[in-house]
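K.L.:
Contents are compact mmCIF, N, CA, C and O atoms; file name final_34.txt:
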# COMPACT_ATOMS: atom_id res chain seq x y z
N MET J 29 77.97 87.96 103.02
CA MET J 29 76.81 87.73 103.85
C MET J 29 76.93 86.37 104.53
O MET J 29 76.51 86.24 105.66
N ALA J 30 77.52 85.40 103.81
CA ALA J 30 77.68 84.07 104.39
C ALA J 30 78.62 84.10 105.59
O ALA J 30 78.55 83.21 106.44
N SER J 31 79.47 85.12 105.69
CA SER J 31 80.39 85.25 106.82
C SER J 31 79.84 86.16 107.91
O SER J 31 80.56 86.53 108.84
N GLY J 32 78.58 86.56 107.79
CA GLY J 32 77.95 87.36 108.83
C GLY J 32 77.91 88.85 108.59
O GLY J 32 77.40 89.60 109.42
N TRP J 33 78.47 89.30 107.48
CA TRP J 33 78.45 90.74 107.17
C TRP J 33 77.04 91.15 106.76
O TRP J 33 76.37 90.44 106.02
N GLU J 34 76.59 92.30 107.23
CA GLU J 34 75.35 92.89 106.74
C GLU J 34 75.70 93.70 105.50
O GLU J 34 76.73 94.37 105.46
N VAL J 35 74.84 93.67 104.49
CA VAL J 35 75.10 94.36 103.23
C VAL J 35 73.87 95.17 102.85
O VAL J 35 72.76 94.65 102.85
N ALA J 36 74.10 96.44 102.51
CA ALA J 36 73.02 97.30 102.06
C ALA J 36 73.44 97.99 100.76
O ALA J 36 74.56 98.48 100.65
N GLU J 37 72.55 97.99 99.78
CA GLU J 37 72.80 98.68 98.53
C GLU J 37 72.43 100.15 98.67
O GLU J 37 71.55 100.50 99.45
N THR J 38 73.08 100.98 97.88
CA THR J 38 72.75 102.40 97.90
C THR J 38 71.63 102.70 96.91
O THR J 38 71.50 102.04 95.89
N ASP J 39 70.82 103.67 97.24
CA ASP J 39 69.76 104.13 96.34
C ASP J 39 70.17 105.39 95.59
O ASP J 39 69.45 105.86 94.73
N THR J 40 71.30 105.93 95.94
CA THR J 40 71.79 107.15 95.30
C THR J 40 73.08 106.85 94.55
O THR J 40 73.69 105.81 94.73
N ASP J 41 73.50 107.78 93.72
CA ASP J 41 74.73 107.62 92.94
C ASP J 41 75.92 107.93 93.84
O ASP J 41 76.19 109.09 94.15
N GLU J 42 76.60 106.88 94.28
CA GLU J 42 77.75 107.01 95.18
C GLU J 42 78.98 106.41 94.52
O GLU J 42 78.90 105.69 93.53
N THR J 43 80.14 106.67 95.09
CA THR J 43 81.39 106.09 94.61
C THR J 43 81.42 104.59 94.85
O THR J 43 82.03 103.84 94.11
N TYR J 44 80.77 104.13 95.89
CA TYR J 44 80.75 102.73 96.30
C TYR J 44 79.43 102.07 95.90
O TYR J 44 78.42 102.74 95.68
N ASP J 45 79.45 100.73 95.85
CA ASP J 45 78.24 99.97 95.51
C ASP J 45 77.40 99.60 96.73
O ASP J 45 76.19 99.50 96.63
N PHE J 46 78.08 99.33 97.84
CA PHE J 46 77.40 98.83 99.04
C PHE J 46 77.97 99.48 100.28
O PHE J 46 79.10 99.96 100.29
N VAL J 47 77.19 99.44 101.34
CA VAL J 47 77.72 99.65 102.68
C VAL J 47 77.62 98.31 103.38
O VAL J 47 76.65 97.56 103.18
N VAL J 48 78.66 97.98 104.14
CA VAL J 48 78.73 96.67 104.79
C VAL J 48 79.03 96.87 106.26
O VAL J 48 79.73 97.80 106.65
N ARG J 49 78.49 95.96 107.09
CA ARG J 49 78.69 96.05 108.54
C ARG J 49 79.45 94.84 109.03
O ARG J 49 79.01 93.71 108.83
N ASP J 50 80.58 95.10 109.67
CA ASP J 50 81.43 94.05 110.21
C ASP J 50 80.68 93.29 111.30
O ASP J 50 80.13 93.90 112.22
N PRO J 51 80.63 91.95 111.21
CA PRO J 51 79.87 91.18 112.20
C PRO J 51 80.48 91.20 113.60
O PRO J 51 79.76 90.98 114.58
N LEU J 52 81.76 91.51 113.72
CA LEU J 52 82.41 91.53 115.03
C LEU J 52 82.41 92.92 115.66
O LEU J 52 81.95 93.11 116.78
N SER J 53 82.90 93.92 114.92
CA SER J 53 82.99 95.27 115.48
C SER J 53 81.68 96.04 115.36
O SER J 53 81.50 97.05 116.04
N ARG J 54 80.80 95.60 114.46
CA ARG J 54 79.53 96.26 114.15
C ARG J 54 79.75 97.61 113.49
O ARG J 54 78.84 98.42 113.37
N GLU J 55 80.97 97.87 112.99
CA GLU J 55 81.29 99.11 112.30
C GLU J 55 80.87 99.02 110.84
O GLU J 55 80.96 97.97 110.22
N TRP J 56 80.41 100.15 110.28
CA TRP J 56 80.00 100.22 108.89
C TRP J 56 81.16 100.66 108.01
O TRP J 56 81.96 101.52 108.40
N PHE J 57 81.25 100.08 106.79
CA PHE J 57 82.27 100.41 105.81
C PHE J 57 81.62 100.52 104.44
O PHE J 57 80.51 100.05 104.24
N THR J 58 82.36 101.09 103.48
CA THR J 58 81.89 101.14 102.10
C THR J 58 82.64 100.08 101.29
O THR J 58 83.77 99.72 101.60
N ALA J 59 81.99 99.57 100.24
CA ALA J 59 82.59 98.52 99.41
C ALA J 59 82.21 98.73 97.95
O ALA J 59 81.09 99.11 97.62
N GLN J 60 83.18 98.47 97.09
CA GLN J 60 82.98 98.52 95.65
C GLN J 60 83.13 97.11 95.10
O GLN J 60 84.10 96.42 95.42
N CYS J 61 82.20 96.67 94.29
CA CYS J 61 82.21 95.31 93.73
C CYS J 61 82.81 95.32 92.33
O CYS J 61 82.45 96.16 91.50
N LYS J 62 83.74 94.39 92.08
CA LYS J 62 84.40 94.28 90.78
C LYS J 62 84.52 92.82 90.37
O LYS J 62 84.56 91.92 91.21
N THR J 63 84.59 92.59 89.08
CA THR J 63 84.80 91.25 88.54
C THR J 63 86.28 90.88 88.65
O THR J 63 87.15 91.70 88.37
N ILE J 64 86.56 89.63 89.04
CA ILE J 64 87.93 89.13 89.04
C ILE J 64 88.17 88.47 87.70
O ILE J 64 87.35 87.68 87.23
N ARG J 65 89.29 88.79 87.11
CA ARG J 65 89.66 88.18 85.83
C ARG J 65 90.90 87.32 86.04
O ARG J 65 91.79 87.66 86.81
N ARG J 66 90.94 86.20 85.32
CA ARG J 66 92.10 85.30 85.37
C ARG J 66 92.99 85.65 84.18
O ARG J 66 92.55 85.65 83.05
N ARG J 67 94.26 85.95 84.44
CA ARG J 67 95.20 86.34 83.39
C ARG J 67 96.03 85.13 82.99
O ARG J 67 96.98 84.75 83.67
N THR J 68 95.68 84.53 81.87
CA THR J 68 96.42 83.37 81.37
C THR J 68 97.84 83.75 80.95
O THR J 68 98.73 82.91 80.96
N ASP J 69 98.04 85.02 80.60
CA ASP J 69 99.37 85.48 80.21
C ASP J 69 100.26 85.78 81.43
O ASP J 69 101.41 86.16 81.28
N ARG J 70 99.72 85.60 82.63
CA ARG J 70 100.48 85.84 83.86
C ARG J 70 100.32 84.66 84.83
O ARG J 70 99.96 84.85 85.99
N ASN J 71 100.52 83.46 84.31
CA ASN J 71 100.45 82.24 85.14
C ASN J 71 99.10 82.06 85.83
O ASN J 71 99.03 81.60 86.96
N ASN J 72 98.03 82.45 85.17
CA ASN J 72 96.66 82.33 85.69
C ASN J 72 96.42 83.14 86.97
O ASN J 72 95.55 82.80 87.77
N GLU J 73 97.19 84.20 87.17
CA GLU J 73 96.96 85.04 88.33
C GLU J 73 95.60 85.71 88.21
O GLU J 73 95.07 85.94 87.13
N LEU J 74 95.04 86.02 89.36
CA LEU J 74 93.75 86.70 89.43
C LEU J 74 93.99 88.20 89.55
O LEU J 74 94.89 88.63 90.27
N VAL J 75 93.20 88.99 88.85
CA VAL J 75 93.37 90.44 88.90
C VAL J 75 92.01 91.12 89.05
O VAL J 75 91.01 90.68 88.49
N VAL J 76 92.01 92.17 89.85
CA VAL J 76 90.86 93.06 89.98
C VAL J 76 91.32 94.43 89.51
O VAL J 76 92.30 94.97 90.02
N TYR J 77 90.64 94.95 88.51
CA TYR J 77 90.91 96.31 88.04
C TYR J 77 90.02 97.24 88.86
O TYR J 77 88.81 97.27 88.69
N ALA J 78 90.63 97.97 89.77
CA ALA J 78 89.90 98.77 90.75
C ALA J 78 89.90 100.24 90.34
O ALA J 78 90.46 101.09 91.03
N THR J 79 89.24 100.51 89.23
CA THR J 79 89.17 101.89 88.76
C THR J 79 87.72 102.31 88.54
O THR J 79 86.84 101.48 88.28
N ASN J 80 87.51 103.61 88.62
CA ASN J 80 86.17 104.15 88.36
C ASN J 80 85.99 104.37 86.86
O ASN J 80 86.86 104.01 86.06
N GLY J 81 84.90 104.97 86.47
CA GLY J 81 84.60 105.20 85.06
C GLY J 81 85.58 106.12 84.35
O GLY J 81 85.67 106.13 83.13
N LYS J 82 86.36 106.88 85.12
CA LYS J 82 87.36 107.78 84.55
C LYS J 82 88.74 107.11 84.49
O LYS J 82 89.72 107.75 84.12
N GLY J 83 88.82 105.84 84.92
CA GLY J 83 90.10 105.13 84.92
C GLY J 83 90.99 105.45 86.11
O GLY J 83 92.16 105.11 86.13
N GLU J 84 90.42 106.09 87.12
CA GLU J 84 91.17 106.46 88.32
C GLU J 84 90.97 105.42 89.41
O GLU J 84 89.89 104.84 89.54
N ALA J 85 92.00 105.22 90.22
CA ALA J 85 91.89 104.32 91.36
C ALA J 85 90.95 104.91 92.40
O ALA J 85 90.88 106.14 92.56
N TYR J 86 90.22 104.05 93.11
CA TYR J 86 89.40 104.50 94.23
C TYR J 86 90.31 104.81 95.41
O TYR J 86 91.16 104.00 95.77
N SER J 87 90.13 105.95 96.03
CA SER J 87 90.94 106.26 97.21
C SER J 87 90.34 105.52 98.41
O SER J 87 89.13 105.24 98.44
N PRO J 88 91.17 105.20 99.41
CA PRO J 88 90.64 104.55 100.61
C PRO J 88 89.60 105.39 101.34
O PRO J 88 88.77 104.85 102.08
N ASP J 89 89.61 106.72 101.14
CA ASP J 89 88.59 107.57 101.74
C ASP J 89 87.24 107.41 101.05
O ASP J 89 86.20 107.60 101.67
N GLU J 90 87.27 107.06 99.76
CA GLU J 90 86.02 106.88 99.00
C GLU J 90 85.43 105.49 99.22
O GLU J 90 84.22 105.34 99.31
N VAL J 91 86.30 104.47 99.21
CA VAL J 91 85.89 103.07 99.28
C VAL J 91 86.82 102.35 100.24
O VAL J 91 88.03 102.35 100.03
N ASN J 92 86.27 101.75 101.28
CA ASN J 92 87.10 101.05 102.27
C ASN J 92 87.55 99.67 101.81
O ASN J 92 88.69 99.27 102.05
N PHE J 93 86.64 98.93 101.17
CA PHE J 93 86.92 97.56 100.76
C PHE J 93 86.57 97.36 99.29
O PHE J 93 85.68 98.01 98.75
N LEU J 94 87.25 96.41 98.67
CA LEU J 94 86.88 95.94 97.34
C LEU J 94 86.36 94.52 97.50
O LEU J 94 86.88 93.74 98.30
N VAL J 95 85.31 94.23 96.76
CA VAL J 95 84.73 92.89 96.75
C VAL J 95 84.90 92.36 95.34
O VAL J 95 84.33 92.90 94.40
N GLY J 96 85.73 91.33 95.19
CA GLY J 96 85.97 90.73 93.89
C GLY J 96 85.17 89.46 93.72
O GLY J 96 85.10 88.65 94.65
N VAL J 97 84.54 89.31 92.57
CA VAL J 97 83.73 88.12 92.29
C VAL J 97 84.37 87.38 91.12
O VAL J 97 84.59 87.95 90.05
N LEU J 98 84.66 86.10 91.35
CA LEU J 98 85.26 85.24 90.33
C LEU J 98 84.19 84.26 89.85
O LEU J 98 83.71 83.42 90.61
N CYS J 99 83.79 84.41 88.58
CA CYS J 99 82.79 83.52 87.97
C CYS J 99 83.48 82.74 86.85
O CYS J 99 83.94 83.35 85.88
N GLU J 100 83.54 81.45 87.00
CA GLU J 100 84.14 80.61 85.97
C GLU J 100 83.12 79.57 85.51
O GLU J 100 82.18 79.24 86.24
N ASP J 101 83.31 79.06 84.31
CA ASP J 101 82.35 78.16 83.65
C ASP J 101 81.82 77.07 84.58
O ASP J 101 82.58 76.23 85.05
N GLY J 102 80.52 77.11 84.82
CA GLY J 102 79.84 76.06 85.55
C GLY J 102 80.13 75.98 87.04
O GLY J 102 79.64 75.10 87.72
N GLU J 103 80.93 76.90 87.58
CA GLU J 103 81.26 76.88 89.00
C GLU J 103 80.43 77.91 89.76
O GLU J 103 79.99 78.90 89.21
N THR J 104 80.24 77.65 91.04
CA THR J 104 79.61 78.63 91.91
C THR J 104 80.53 79.83 92.02
O THR J 104 81.74 79.66 92.25
N PRO J 105 80.02 81.03 91.86
CA PRO J 105 80.88 82.22 91.98
C PRO J 105 81.56 82.27 93.35
O PRO J 105 80.98 81.89 94.36
N ARG J 106 82.81 82.71 93.34
CA ARG J 106 83.57 82.89 94.58
C ARG J 106 83.77 84.38 94.82
O ARG J 106 84.00 85.14 93.88
N VAL J 107 83.70 84.76 96.08
CA VAL J 107 83.78 86.17 96.45
C VAL J 107 84.97 86.37 97.38
O VAL J 107 85.17 85.61 98.32
N PHE J 108 85.76 87.41 97.09
CA PHE J 108 86.92 87.77 97.89
C PHE J 108 86.77 89.23 98.30
O PHE J 108 86.44 90.07 97.47
N MET J 109 87.01 89.53 99.56
CA MET J 109 86.89 90.90 100.05
C MET J 109 88.24 91.32 100.63
O MET J 109 88.84 90.57 101.40
N PHE J 110 88.70 92.52 100.26
CA PHE J 110 90.00 92.97 100.74
C PHE J 110 90.02 94.49 100.85
O PHE J 110 89.23 95.18 100.20
N LYS J 111 90.91 94.99 101.72
CA LYS J 111 91.03 96.43 101.93
C LYS J 111 91.50 97.14 100.68
O LYS J 111 92.37 96.65 99.97
N ASN J 112 90.95 98.30 100.45
CA ASN J 112 91.38 99.15 99.35
C ASN J 112 92.57 99.98 99.83
O ASN J 112 92.49 100.67 100.85
N VAL J 113 93.67 99.90 99.08
CA VAL J 113 94.85 100.70 99.41
C VAL J 113 95.10 101.78 98.36
O VAL J 113 96.15 102.41 98.36
N GLY J 114 94.14 101.96 97.44
CA GLY J 114 94.21 103.07 96.49
C GLY J 114 95.04 102.81 95.25
O GLY J 114 95.54 103.76 94.65
N ILE J 115 95.16 101.54 94.84
CA ILE J 115 95.88 101.25 93.60
C ILE J 115 94.89 100.80 92.53
O ILE J 115 93.76 100.41 92.84
N LYS J 116 95.32 100.83 91.27
CA LYS J 116 94.41 100.51 90.16
C LYS J 116 94.22 99.03 89.92
O LYS J 116 93.20 98.62 89.39
N GLU J 117 95.21 98.21 90.25
CA GLU J 117 95.13 96.77 90.00
C GLU J 117 95.60 95.99 91.21
O GLU J 117 96.60 96.35 91.83
N TYR J 118 94.87 94.93 91.50
CA TYR J 118 95.23 94.01 92.60
C TYR J 118 95.47 92.65 91.97
O TYR J 118 94.57 92.11 91.33
N TRP J 119 96.67 92.11 92.14
CA TRP J 119 97.07 90.83 91.56
C TRP J 119 97.30 89.82 92.67
O TRP J 119 97.82 90.14 93.71
N ARG J 120 96.97 88.54 92.38
CA ARG J 120 97.23 87.50 93.35
C ARG J 120 97.16 86.16 92.66
O ARG J 120 96.34 85.96 91.76
N SER J 121 97.98 85.23 93.10
CA SER J 121 97.81 83.86 92.62
C SER J 121 96.63 83.26 93.35
O SER J 121 96.25 83.75 94.43
N GLU J 122 96.04 82.24 92.82
CA GLU J 122 94.89 81.63 93.48
C GLU J 122 95.29 81.01 94.82
O GLU J 122 94.51 80.99 95.76
N ALA J 123 96.52 80.51 94.89
CA ALA J 123 97.00 79.92 96.15
C ALA J 123 97.03 80.98 97.25
O ALA J 123 96.81 80.73 98.39
Can you present the structure in this file as structure tokens?
P.N.:
Amino acid sequence: MASGWEVAETDTDETYDFVVRDPLSREWFTAQCKTIRRRTDRNNELVVYATNGKGEAYSPDEVNFLVGVLCEDGETPRVFMFKNVGIKEYWRSEA
């Protein structure tokens, strides 16, 4: 929202958590929100486990974007948004 995206929550049981509107194209997309975890056993890389309740990856047809939220002790939460390519785990170094 701080970057100009419009965000709407769903009132029904959907595969995605939100619908979001691109501030430039004005196009609507779906987004799933997940917690980002820091893996100390992998050089502090950040990981998003992008699976549904059945342990399956979200397909790009079901969810266009993933929104990862990183909450660490005493810090303001940081939010990262990225395209869903249909895999179960997204890894990245903080850099």
K.L.:
Please extract the residues of chain J with a backbone DSSP assignment of strand (DSSP E) and present them as a short mmCIF file (atom, residue, chain, number, x, y, z; two decimals) with N, CA, C and O atoms, in the frame of the given file.
P.N.:
data_model
loop_
_atom_site.label_atom_id
_atom_site.label_comp_id
_atom_site.auth_asym_id
_atom_site.auth_seq_id
_atom_site.Cartn_x
_atom_site.Cartn_y
_atom_site.Cartn_z
N GLU J 34 76.59 92.30 107.23
CA GLU J 34 75.35 92.89 106.74
C GLU J 34 75.70 93.70 105.50
O GLU J 34 76.73 94.37 105.46
N VAL J 35 74.84 93.67 104.49
CA VAL J 35 75.10 94.36 103.23
C VAL J 35 73.87 95.17 102.85
O VAL J 35 72.76 94.65 102.85
N ALA J 36 74.10 96.44 102.51
CA ALA J 36 73.02 97.30 102.06
C ALA J 36 73.44 97.99 100.76
O ALA J 36 74.56 98.48 100.65
N GLU J 37 72.55 97.99 99.78
CA GLU J 37 72.80 98.68 98.53
C GLU J 37 72.43 100.15 98.67
O GLU J 37 71.55 100.50 99.45
N PHE J 46 78.08 99.33 97.84
CA PHE J 46 77.40 98.83 99.04
C PHE J 46 77.97 99.48 100.28
O PHE J 46 79.10 99.96 100.29
N VAL J 47 77.19 99.44 101.34
CA VAL J 47 77.72 99.65 102.68
C VAL J 47 77.62 98.31 103.38
O VAL J 47 76.65 97.56 103.18
N VAL J 48 78.66 97.98 104.14
CA VAL J 48 78.73 96.67 104.79
C VAL J 48 79.03 96.87 106.26
O VAL J 48 79.73 97.80 106.65
N ARG J 49 78.49 95.96 107.09
CA ARG J 49 78.69 96.05 108.54
C ARG J 49 79.45 94.84 109.03
O ARG J 49 79.01 93.71 108.83
N TRP J 56 80.41 100.15 110.28
CA TRP J 56 80.00 100.22 108.89
C TRP J 56 81.16 100.66 108.01
O TRP J 56 81.96 101.52 108.40
N PHE J 57 81.25 100.08 106.79
CA PHE J 57 82.27 100.41 105.81
C PHE J 57 81.62 100.52 104.44
O PHE J 57 80.51 100.05 104.24
N THR J 58 82.36 101.09 103.48
CA THR J 58 81.89 101.14 102.10
C THR J 58 82.64 100.08 101.29
O THR J 58 83.77 99.72 101.60
N ALA J 59 81.99 99.57 100.24
CA ALA J 59 82.59 98.52 99.41
C ALA J 59 82.21 98.73 97.95
O ALA J 59 81.09 99.11 97.62
N GLN J 60 83.18 98.47 97.09
CA GLN J 60 82.98 98.52 95.65
C GLN J 60 83.13 97.11 95.10
O GLN J 60 84.10 96.42 95.42
N CYS J 61 82.20 96.67 94.29
CA CYS J 61 82.21 95.31 93.73
C CYS J 61 82.81 95.32 92.33
O CYS J 61 82.45 96.16 91.50
N LYS J 62 83.74 94.39 92.08
CA LYS J 62 84.40 94.28 90.78
C LYS J 62 84.52 92.82 90.37
O LYS J 62 84.56 91.92 91.21
N THR J 63 84.59 92.59 89.08
CA THR J 63 84.80 91.25 88.54
C THR J 63 86.28 90.88 88.65
O THR J 63 87.15 91.70 88.37
N ILE J 64 86.56 89.63 89.04
CA ILE J 64 87.93 89.13 89.04
C ILE J 64 88.17 88.47 87.70
O ILE J 64 87.35 87.68 87.23
N ARG J 65 89.29 88.79 87.11
CA ARG J 65 89.66 88.18 85.83
C ARG J 65 90.90 87.32 86.04
O ARG J 65 91.79 87.66 86.81
N ARG J 66 90.94 86.20 85.32
CA ARG J 66 92.10 85.30 85.37
C ARG J 66 92.99 85.65 84.18
O ARG J 66 92.55 85.65 83.05
N ARG J 67 94.26 85.95 84.44
CA ARG J 67 95.20 86.34 83.39
C ARG J 67 96.03 85.13 82.99
O ARG J 67 96.98 84.75 83.67
N GLU J 73 97.19 84.20 87.17
CA GLU J 73 96.96 85.04 88.33
C GLU J 73 95.60 85.71 88.21
O GLU J 73 95.07 85.94 87.13
N LEU J 74 95.04 86.02 89.36
CA LEU J 74 93.75 86.70 89.43
C LEU J 74 93.99 88.20 89.55
O LEU J 74 94.89 88.63 90.27
N VAL J 75 93.20 88.99 88.85
CA VAL J 75 93.37 90.44 88.90
C VAL J 75 92.01 91.12 89.05
O VAL J 75 91.01 90.68 88.49
N VAL J 76 92.01 92.17 89.85
CA VAL J 76 90.86 93.06 89.98
C VAL J 76 91.32 94.43 89.51
O VAL J 76 92.30 94.97 90.02
N TYR J 77 90.64 94.95 88.51
CA TYR J 77 90.91 96.31 88.04
C TYR J 77 90.02 97.24 88.86
O TYR J 77 88.81 97.27 88.69
N PHE J 93 86.64 98.93 101.17
CA PHE J 93 86.92 97.56 100.76
C PHE J 93 86.57 97.36 99.29
O PHE J 93 85.68 98.01 98.75
N LEU J 94 87.25 96.41 98.67
CA LEU J 94 86.88 95.94 97.34
C LEU J 94 86.36 94.52 97.50
O LEU J 94 86.88 93.74 98.30
N VAL J 95 85.31 94.23 96.76
CA VAL J 95 84.73 92.89 96.75
C VAL J 95 84.90 92.36 95.34
O VAL J 95 84.33 92.90 94.40
N GLY J 96 85.73 91.33 95.19
CA GLY J 96 85.97 90.73 93.89
C GLY J 96 85.17 89.46 93.72
O GLY J 96 85.10 88.65 94.65
N VAL J 97 84.54 89.31 92.57
CA VAL J 97 83.73 88.12 92.29
C VAL J 97 84.37 87.38 91.12
O VAL J 97 84.59 87.95 90.05
N LEU J 98 84.66 86.10 91.35
CA LEU J 98 85.26 85.24 90.33
C LEU J 98 84.19 84.26 89.85
O LEU J 98 83.71 83.42 90.61
N ARG J 106 82.81 82.71 93.34
CA ARG J 106 83.57 82.89 94.58
C ARG J 106 83.77 84.38 94.82
O ARG J 106 84.00 85.14 93.88
N VAL J 107 83.70 84.76 96.08
CA VAL J 107 83.78 86.17 96.45
C VAL J 107 84.97 86.37 97.38
O VAL J 107 85.17 85.61 98.32
N PHE J 108 85.76 87.41 97.09
CA PHE J 108 86.92 87.77 97.89
C PHE J 108 86.77 89.23 98.30
O PHE J 108 86.44 90.07 97.47
N MET J 109 87.01 89.53 99.56
CA MET J 109 86.89 90.90 100.05
C MET J 109 88.24 91.32 100.63
O MET J 109 88.84 90.57 101.40
N PHE J 110 88.70 92.52 100.26
CA PHE J 110 90.00 92.97 100.74
C PHE J 110 90.02 94.49 100.85
O PHE J 110 89.23 95.18 100.20
N LYS J 111 90.91 94.99 101.72
CA LYS J 111 91.03 96.43 101.93
C LYS J 111 91.50 97.14 100.68
O LYS J 111 92.37 96.65 99.97
N GLU J 117 95.21 98.21 90.25
CA GLU J 117 95.13 96.77 90.00
C GLU J 117 95.60 95.99 91.21
O GLU J 117 96.60 96.35 91.83
N TYR J 118 94.87 94.93 91.50
CA TYR J 118 95.23 94.01 92.60
C TYR J 118 95.47 92.65 91.97
O TYR J 118 94.57 92.11 91.33
N TRP J 119 96.67 92.11 92.14
CA TRP J 119 97.07 90.83 91.56
C TRP J 119 97.30 89.82 92.67
O TRP J 119 97.82 90.14 93.71
N ARG J 120 96.97 88.54 92.38
CA ARG J 120 97.23 87.50 93.35
C ARG J 120 97.16 86.16 92.66
O ARG J 120 96.34 85.96 91.76
#
K.L.:
Range 74-84 of chain J, all listed atoms, 6 Å padding on each side: what axis-aligned box centre and edge lengths in Å to one decimal come out, as JSON?
P.N.:
{"center_x": 89.8, "center_y": 96.9, "center_z": 87.1, "size_x": 22.4, "size_y": 33.8, "size_z": 19.9}
K.L.:
Pick out the residues sitting within 7 Å of range 80-88 of chain J, and hand them over as a PDB file with N, CA, C and O atoms, in the frame of the given file; count all atoms listed in the file, and ignore anything fewer than 3 positions along from it in its own chain.
P.N.:
ATOM      1  N   TYR J  77      90.640  94.950  88.510  1.00  0.00           N
ATOM      2  CA  TYR J  77      90.910  96.310  88.040  1.00  0.00           C
ATOM      3  C   TYR J  77      90.020  97.240  88.860  1.00  0.00           C
ATOM      4  O   TYR J  77      88.810  97.270  88.690  1.00  0.00           O
ATOM      5  N   VAL J  91      86.300 104.470  99.210  1.00  0.00           N
ATOM      6  CA  VAL J  91      85.890 103.070  99.280  1.00  0.00           C
ATOM      7  C   VAL J  91      86.820 102.350 100.240  1.00  0.00           C
ATOM      8  O   VAL J  91      88.030 102.350 100.030  1.00  0.00           O
ATOM      9  N   ASN J  92      86.270 101.750 101.280  1.00  0.00           N
ATOM     10  CA  ASN J  92      87.100 101.050 102.270  1.00  0.00           C
ATOM     11  C   ASN J  92      87.550  99.670 101.810  1.00  0.00           C
ATOM     12  O   ASN J  92      88.690  99.270 102.050  1.00  0.00           O
ATOM     13  N   PHE J  93      86.640  98.930 101.170  1.00  0.00           N
ATOM     14  CA  PHE J  93      86.920  97.560 100.760  1.00  0.00           C
ATOM     15  C   PHE J  93      86.570  97.360  99.290  1.00  0.00           C
ATOM     16  O   PHE J  93      85.680  98.010  98.750  1.00  0.00           O
ATOM     17  N   ASN J 112      90.950  98.300 100.450  1.00  0.00           N
ATOM     18  CA  ASN J 112      91.380  99.150  99.350  1.00  0.00           C
ATOM     19  C   ASN J 112      92.570  99.980  99.830  1.00  0.00           C
ATOM     20  O   ASN J 112      92.490 100.670 100.850  1.00  0.00           O
ATOM     21  N   VAL J 113      93.670  99.900  99.080  1.00  0.00           N
ATOM     22  CA  VAL J 113      94.850 100.700  99.410  1.00  0.00           C
ATOM     23  C   VAL J 113      95.100 101.780  98.360  1.00  0.00           C
ATOM     24  O   VAL J 113      96.150 102.410  98.360  1.00  0.00           O
ATOM     25  N   GLY J 114      94.140 101.960  97.440  1.00  0.00           N
ATOM     26  CA  GLY J 114      94.210 103.070  96.490  1.00  0.00           C
ATOM     27  C   GLY J 114      95.040 102.810  95.250  1.00  0.00           C
ATOM     28  O   GLY J 114      95.540 103.760  94.650  1.00  0.00           O
ATOM     29  N   ILE J 115      95.160 101.540  94.840  1.00  0.00           N
ATOM     30  CA  ILE J 115      95.880 101.250  93.600  1.00  0.00           C
ATOM     31  C   ILE J 115      94.890 100.800  92.530  1.00  0.00           C
ATOM     32  O   ILE J 115      93.760 100.410  92.840  1.00  0.00           O
ATOM     33  N   LYS J 116      95.320 100.830  91.270  1.00  0.00           N
ATOM     34  CA  LYS J 116      94.410 100.510  90.160  1.00  0.00           C
ATOM     35  C   LYS J 116      94.220  99.030  89.920  1.00  0.00           C
ATOM     36  O   LYS J 116      93.200  98.620  89.390  1.00  0.00           O
TER      37      LYS J 116
END
K.L.:
Counting all atoms listed in the file, which residues come within 8 Å of (86.8, 91.5, 104.9), with the point read in the file's coordinates, and could you list them as a ChimeraX atom specification?
P.N.:
/J:50,93-94,108-111
K.L.:
Could those residues be written to a file, using N, CA, C and O atoms, as an mmCIF file, in the coordinates of the input?
P.N.:
data_model
loop_
_atom_site.group_PDB
_atom_site.id
_atom_site.type_symbol
_atom_site.label_atom_id
_atom_site.label_comp_id
_atom_site.auth_asym_id
_atom_site.auth_seq_id
_atom_site.Cartn_x
_atom_site.Cartn_y
_atom_site.Cartn_z
ATOM 1 N N ASP J 50 80.580 95.100 109.670
ATOM 2 C CA ASP J 50 81.430 94.050 110.210
ATOM 3 C C ASP J 50 80.680 93.290 111.300
ATOM 4 O O ASP J 50 80.130 93.900 112.220
ATOM 5 N N PHE J 93 86.640 98.930 101.170
ATOM 6 C CA PHE J 93 86.920 97.560 100.760
ATOM 7 C C PHE J 93 86.570 97.360 99.290
ATOM 8 O O PHE J 93 85.680 98.010 98.750
ATOM 9 N N LEU J 94 87.250 96.410 98.670
ATOM 10 C CA LEU J 94 86.880 95.940 97.340
ATOM 11 C C LEU J 94 86.360 94.520 97.500
ATOM 12 O O LEU J 94 86.880 93.740 98.300
ATOM 13 N N PHE J 108 85.760 87.410 97.090
ATOM 14 C CA PHE J 108 86.920 87.770 97.890
ATOM 15 C C PHE J 108 86.770 89.230 98.300
ATOM 16 O O PHE J 108 86.440 90.070 97.470
ATOM 17 N N MET J 109 87.010 89.530 99.560
ATOM 18 C CA MET J 109 86.890 90.900 100.050
ATOM 19 C C MET J 109 88.240 91.320 100.630
ATOM 20 O O MET J 109 88.840 90.570 101.400
ATOM 21 N N PHE J 110 88.700 92.520 100.260
ATOM 22 C CA PHE J 110 90.000 92.970 100.740
ATOM 23 C C PHE J 110 90.020 94.490 100.850
ATOM 24 O O PHE J 110 89.230 95.180 100.200
ATOM 25 N N LYS J 111 90.910 94.990 101.720
ATOM 26 C CA LYS J 111 91.030 96.430 101.930
ATOM 27 C C LYS J 111 91.500 97.140 100.680
ATOM 28 O O LYS J 111 92.370 96.650 99.970
#
